[in-house]
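Chemist: Let me begin by handing over the structure; questions about it come next.
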Amino acid sequence: MTDRLKALVTGGATGIGRSAVLALARAGYDVAINYGSSAKAAATVAGEAQALGARTLLVQCDVSDDAAVRAMMKTIDADFGRLDALVNNAGTTASWKVKDLESLDLAEWDRTFAVNVRGTFQVSRAAVPLLKKGRHPAIVNTASIVGLRPGPQPLPYAASKAAVVNLTKTLAWNLGPDIRVNAVAPGWMEGEWMERMLGDKYDDLMGKRARLTPLRRCVTADDVAETMLSLIQANRFVTGEIVVIDGGFTAST
């Protein structure tokens, strides 16, 4: 029996993470699915991945906790023995009233950076020994279009994603030539995340964005996962790059 490739997806229970898990499973990877609190959703995704032929490993861990991250890697090492791919997708955001700086809670600011930036670094650092045992190992980070240009997202979220952009480039320099590191920067994405951000204006604003997009729709989680898989499996001479996934919106506005 052919030895399947091995991957870890953080924040793998929902949204982009779920789509990444399933894309990797279809492509022949066994997948460690990290989750923070969404145990039921993570178990559901694991079942879906298993139906696609993957062996899965559920690992609960707050990526902002370095000791917990290192313990997670020990569990993965004991079960998988290596990693061929890492998708740093775990993320959070803060609440605020648009353009009202005083509405920002600094505790939420710190939590957003702890998960989105420090978490991405801690997981990457702890995964290096396992990735170095893998085949053509690659890391893909989840950034955001608001890390590259202004948008209505809360300031700590946007600033943290800008930090992920820089971290991706810096990690690529530090981990080459052994490990490639790239990131994706999705635009306005259909689904629960933007529903929470836009509230009752979701349908109207998403429709307007789609009409202004050359490809005439907004990005989906599956679109993002498709690009992640391409960065992992192909593009062997590409590292330190940020791939915008927004149907051409930013290129044409």
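Note on naming: chains are A, B, ... as they come in the structure tokens, residues start from 1 per chain, ligands start from 1 in the order shown.
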Set out as JSON lines a contact list for stretch 70-140 of chain A and stretch 8-26 of chain A with a cut-off of 10 Å, giving each residue of stretch 70-140 of chain A that qualifies its closest atom pair and distance in Å to one decimal, counting only C-alpha atoms, ordered by chain and rising residue number.

Modeler:
{"residue": "A:Met73", "atom": "CA", "partner": "A:Leu8", "partner_atom": "CA", "distance": 9.6}
{"residue": "A:Ile76", "atom": "CA", "partner": "A:Leu8", "partner_atom": "CA", "distance": 8.5}
{"residue": "A:Leu83", "atom": "CA", "partner": "A:Leu8", "partner_atom": "CA", "distance": 7.2}
{"residue": "A:Asp84", "atom": "CA", "partner": "A:Leu8", "partner_atom": "CA", "distance": 8.6}
{"residue": "A:Ala85", "atom": "CA", "partner": "A:Leu8", "partner_atom": "CA", "distance": 6.5}
{"residue": "A:Leu86", "atom": "CA", "partner": "A:Leu8", "partner_atom": "CA", "distance": 4.9}
{"residue": "A:Val87", "atom": "CA", "partner": "A:Val9", "partner_atom": "CA", "distance": 4.7}
{"residue": "A:Asn88", "atom": "CA", "partner": "A:Thr10", "partner_atom": "CA", "distance": 5.4}
{"residue": "A:Asn89", "atom": "CA", "partner": "A:Thr10", "partner_atom": "CA", "distance": 5.2}
{"residue": "A:Ala90", "atom": "CA", "partner": "A:Gly11", "partner_atom": "CA", "distance": 4.0}
{"residue": "A:Gly91", "atom": "CA", "partner": "A:Gly11", "partner_atom": "CA", "distance": 7.0}
{"residue": "A:Thr92", "atom": "CA", "partner": "A:Gly11", "partner_atom": "CA", "distance": 9.7}
{"residue": "A:Gly119", "atom": "CA", "partner": "A:Thr10", "partner_atom": "CA", "distance": 9.7}
{"residue": "A:Thr120", "atom": "CA", "partner": "A:Thr10", "partner_atom": "CA", "distance": 9.1}
{"residue": "A:Val123", "atom": "CA", "partner": "A:Thr10", "partner_atom": "CA", "distance": 8.6}
{"residue": "A:Ala127", "atom": "CA", "partner": "A:Leu8", "partner_atom": "CA", "distance": 9.2}
{"residue": "A:Ile139", "atom": "CA", "partner": "A:Leu8", "partner_atom": "CA", "distance": 9.6}
{"residue": "A:Val140", "atom": "CA", "partner": "A:Val9", "partner_atom": "CA", "distance": 9.6}

Chemist: Need the shell around A:Asp203: protein/DNA/RNA residues with any atom at most 10 Å away, counting only C-alpha atoms. Skip same-chain ones fewer than 6 positions apart. Format as a PyMOL selection string?

Modeler: chain A and resi 190+195+209

Chemist: Would you export the selected residues with N, CA and C atoms as a PDB file, in the first residue's frame, please?

Modeler:
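Heads up, here's the output in part.pdb:
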ATOM      1  N   GLU A 190     -17.757  34.191   0.752  1.00  0.00           N
ATOM      2  CA  GLU A 190     -19.113  33.756   1.071  1.00  0.00           C
ATOM      3  C   GLU A 190     -19.099  32.901   2.347  1.00  0.00           C
ATOM      4  N   GLU A 195     -20.906  36.784   7.100  1.00  0.00           N
ATOM      5  CA  GLU A 195     -22.252  36.998   7.624  1.00  0.00           C
ATOM      6  C   GLU A 195     -22.180  37.674   8.993  1.00  0.00           C
ATOM      7  N   ARG A 209     -20.407  43.560  -4.170  1.00  0.00           N
ATOM      8  CA  ARG A 209     -19.006  43.184  -4.387  1.00  0.00           C
ATOM      9  C   ARG A 209     -18.887  42.228  -5.581  1.00  0.00           C
TER      10      ARG A 209
END

Chemist: With only C-alpha atoms as the atoms that count, which of A:Leu198, A:Ala7, A:Met206, A:Ala71 lies nearest to A:Pro152?

Modeler: A:Leu198

Chemist: If you count only C-alpha atoms, which residues fall within 8 Å of A:Ala172, apart from same-chain ones fewer than 3 positions away, as a list in words?

Modeler: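 Returned residues: Thr168, Lys169, Leu175, Gly176, Ile179, Arg180, Val181, Asn182, Thr239 and Gly240 of chain A.
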
Chemist: Write to file, as a JSON list (two decimals), in the first residue's frame, the residues of the selection just made, with C-alpha atoms.

Modeler:
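After the write, out-v5.json holds the following:
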[["chain", "number", "residue", "atom", "x", "y", "z"],
["A", 168, "THR", "CA", 5.25, 34.51, 5.62],
["A", 169, "LYS", "CA", 8.02, 36.28, 3.74],
["A", 175, "LEU", "CA", 13.29, 28.08, 6.31],
["A", 176, "GLY", "CA", 14.57, 27.88, 2.74],
["A", 179, "ILE", "CA", 10.68, 24.29, 3.45],
["A", 180, "ARG", "CA", 8.65, 26.58, 1.20],
["A", 181, "VAL", "CA", 6.33, 29.12, 2.86],
["A", 182, "ASN", "CA", 3.54, 30.98, 1.08],
["A", 239, "THR", "CA", 8.20, 30.75, -1.80],
["A", 240, "GLY", "CA", 7.52, 33.92, 0.16]]

Chemist: Ranking A:Ile33, A:Ala51, A:Lys133, A:Leu5 by minimum distance to A:Thr75 and counting only C-alpha atoms, which one comes first?

Modeler: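 Nearest candidate to A:Thr75 out of A:Ile33, A:Ala51, A:Lys133, A:Leu5: A:Ile33.
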
Chemist: Of the candidates A:Ala138, A:Leu58, A:Ala42, A:Ala68, which one gets nearest to A:Leu231 if we count only C-alpha atoms?

Modeler: A:Ala138

Chemist: Just the number, please: distance in Å from atom CA of A:Tyr157 to atom CA of A:Ala94, one decimal.

Modeler: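 So the answer is 6.7 Å.
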
Chemist: Show which residues sit within 8 Å of stretch 104-110 of chain A, as a ChimeraX atom specification. Count only C-alpha atoms, and ignore same-chain residues fewer than 4 positions away.

Modeler: /A:93-97,100,114,156-157

Chemist: Kindly save the residues from that selection, with C-alpha atoms included, as a compact mmCIF listing (two decimals), in the first residue's frame.

Modeler:
# COMPACT_ATOMS: atom_id res chain seq x y z
CA THR A 93 -11.10 38.54 15.15
CA ALA A 94 -12.34 41.31 17.40
CA SER A 95 -15.63 43.17 17.59
CA TRP A 96 -15.94 46.89 16.90
CA LYS A 97 -18.08 49.63 15.44
CA ASP A 100 -14.98 53.99 15.99
CA ALA A 114 -1.91 35.95 19.96
CA PRO A 156 -6.63 44.24 15.04
CA TYR A 157 -7.73 41.64 12.49

Chemist: One number please: atom CA of A:Asp223 to atom CA of A:Ala43, in Å, one decimal.

Modeler: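 Between these atoms lies a distance of 22.8 Å.
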
Chemist: Residues of stretch 15-203 of chain A classed as strand (DSSP E or B) by DSSP on the backbone are to be reported as JSON, numbers by chain.

Modeler: {"A": [29, 30, 31, 32, 33, 34, 35, 56, 57, 58, 59, 60, 85, 86, 87, 88, 97, 100, 138, 139, 140, 141, 142, 180, 181, 182, 183, 184, 185, 186, 189]}

Chemist: Selected residues, C-alpha atoms, written as a PDB file, in the first residue's frame, please.

Modeler:
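So result_4.pdb came out as:
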ATOM      1  CA  TYR A  29      -3.072  13.130   2.400  1.00  0.00           C
ATOM      2  CA  ASP A  30      -3.761  11.843   5.880  1.00  0.00           C
ATOM      3  CA  VAL A  31      -4.730  14.916   7.867  1.00  0.00           C
ATOM      4  CA  ALA A  32      -4.268  16.044  11.455  1.00  0.00           C
ATOM      5  CA  ILE A  33      -7.196  18.349  12.171  1.00  0.00           C
ATOM      6  CA  ASN A  34      -6.507  20.965  14.818  1.00  0.00           C
ATOM      7  CA  TYR A  35      -9.406  22.751  16.483  1.00  0.00           C
ATOM      8  CA  THR A  56      -7.352  11.552  10.375  1.00  0.00           C
ATOM      9  CA  LEU A  57      -6.074  12.675  13.736  1.00  0.00           C
ATOM     10  CA  LEU A  58      -8.076  15.126  15.851  1.00  0.00           C
ATOM     11  CA  VAL A  59      -5.893  17.399  17.979  1.00  0.00           C
ATOM     12  CA  GLN A  60      -7.430  20.023  20.251  1.00  0.00           C
ATOM     13  CA  ALA A  85       2.309  20.077   4.555  1.00  0.00           C
ATOM     14  CA  LEU A  86       1.157  22.579   7.152  1.00  0.00           C
ATOM     15  CA  VAL A  87      -1.817  24.888   6.688  1.00  0.00           C
ATOM     16  CA  ASN A  88      -1.829  27.655   9.302  1.00  0.00           C
ATOM     17  CA  LYS A  97     -18.081  49.631  15.436  1.00  0.00           C
ATOM     18  CA  ASP A 100     -14.982  53.988  15.987  1.00  0.00           C
ATOM     19  CA  ALA A 138       5.427  23.354   2.356  1.00  0.00           C
ATOM     20  CA  ILE A 139       3.623  25.746   4.667  1.00  0.00           C
ATOM     21  CA  VAL A 140       0.621  27.799   3.581  1.00  0.00           C
ATOM     22  CA  ASN A 141      -0.641  30.583   5.848  1.00  0.00           C
ATOM     23  CA  THR A 142      -4.076  32.186   5.749  1.00  0.00           C
ATOM     24  CA  ARG A 180       8.652  26.578   1.198  1.00  0.00           C
ATOM     25  CA  VAL A 181       6.333  29.122   2.863  1.00  0.00           C
ATOM     26  CA  ASN A 182       3.541  30.976   1.077  1.00  0.00           C
ATOM     27  CA  ALA A 183       0.211  32.545   2.001  1.00  0.00           C
ATOM     28  CA  VAL A 184      -3.210  33.122   0.536  1.00  0.00           C
ATOM     29  CA  ALA A 185      -5.098  36.400   0.852  1.00  0.00           C
ATOM     30  CA  PRO A 186      -8.810  35.799   0.227  1.00  0.00           C
ATOM     31  CA  MET A 189     -15.662  35.281   1.170  1.00  0.00           C
TER      32      MET A 189
END

Chemist: Report, in Å with one decimal, the straight-line distance from atom CA of A:Lys132 to atom CA of A:Gln50.

Modeler: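 Straight-line distance from atom CA of A:Lys132 to atom CA of A:Gln50 works out to 25.9 Å.
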
Chemist: Pick out each residue of stretch 10-239 of chain A that DSSP on the backbone tags as helix (DSSP H, G or I); I need them as a ChimeraX atom specification.

Modeler: /A:15-26,39-51,66-80,101-103,106-131,145-147,155-175,192-211,221-233

Chemist: Excluding A:Gly187 and its own-chain neighbours fewer than 4 positions away, which residues fall within 7 Å of it when counting only C-alpha atoms? Please give them as a list in words.

Modeler: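 The residues satisfying every condition are Ser144, Ile145, Val219, Ile245 and Asp246 of chain A.
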
Chemist: Can you pull out the residues contacting A:Asp62? Cut-off 6 Å, using only C-alpha atoms, and skip same-chain residues under 2 positions away; I want them as a PyMOL selection string.

Modeler: chain A and resi 36+64-65

Chemist: Have a look at A:Cys61, A:Val117, A:Ala210, A:Leu171 and name the one nearest to A:Ala39; count only C-alpha atoms.

Modeler: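 Residue with the minimum atom-to-atom distance to A:Ala39: A:Cys61.
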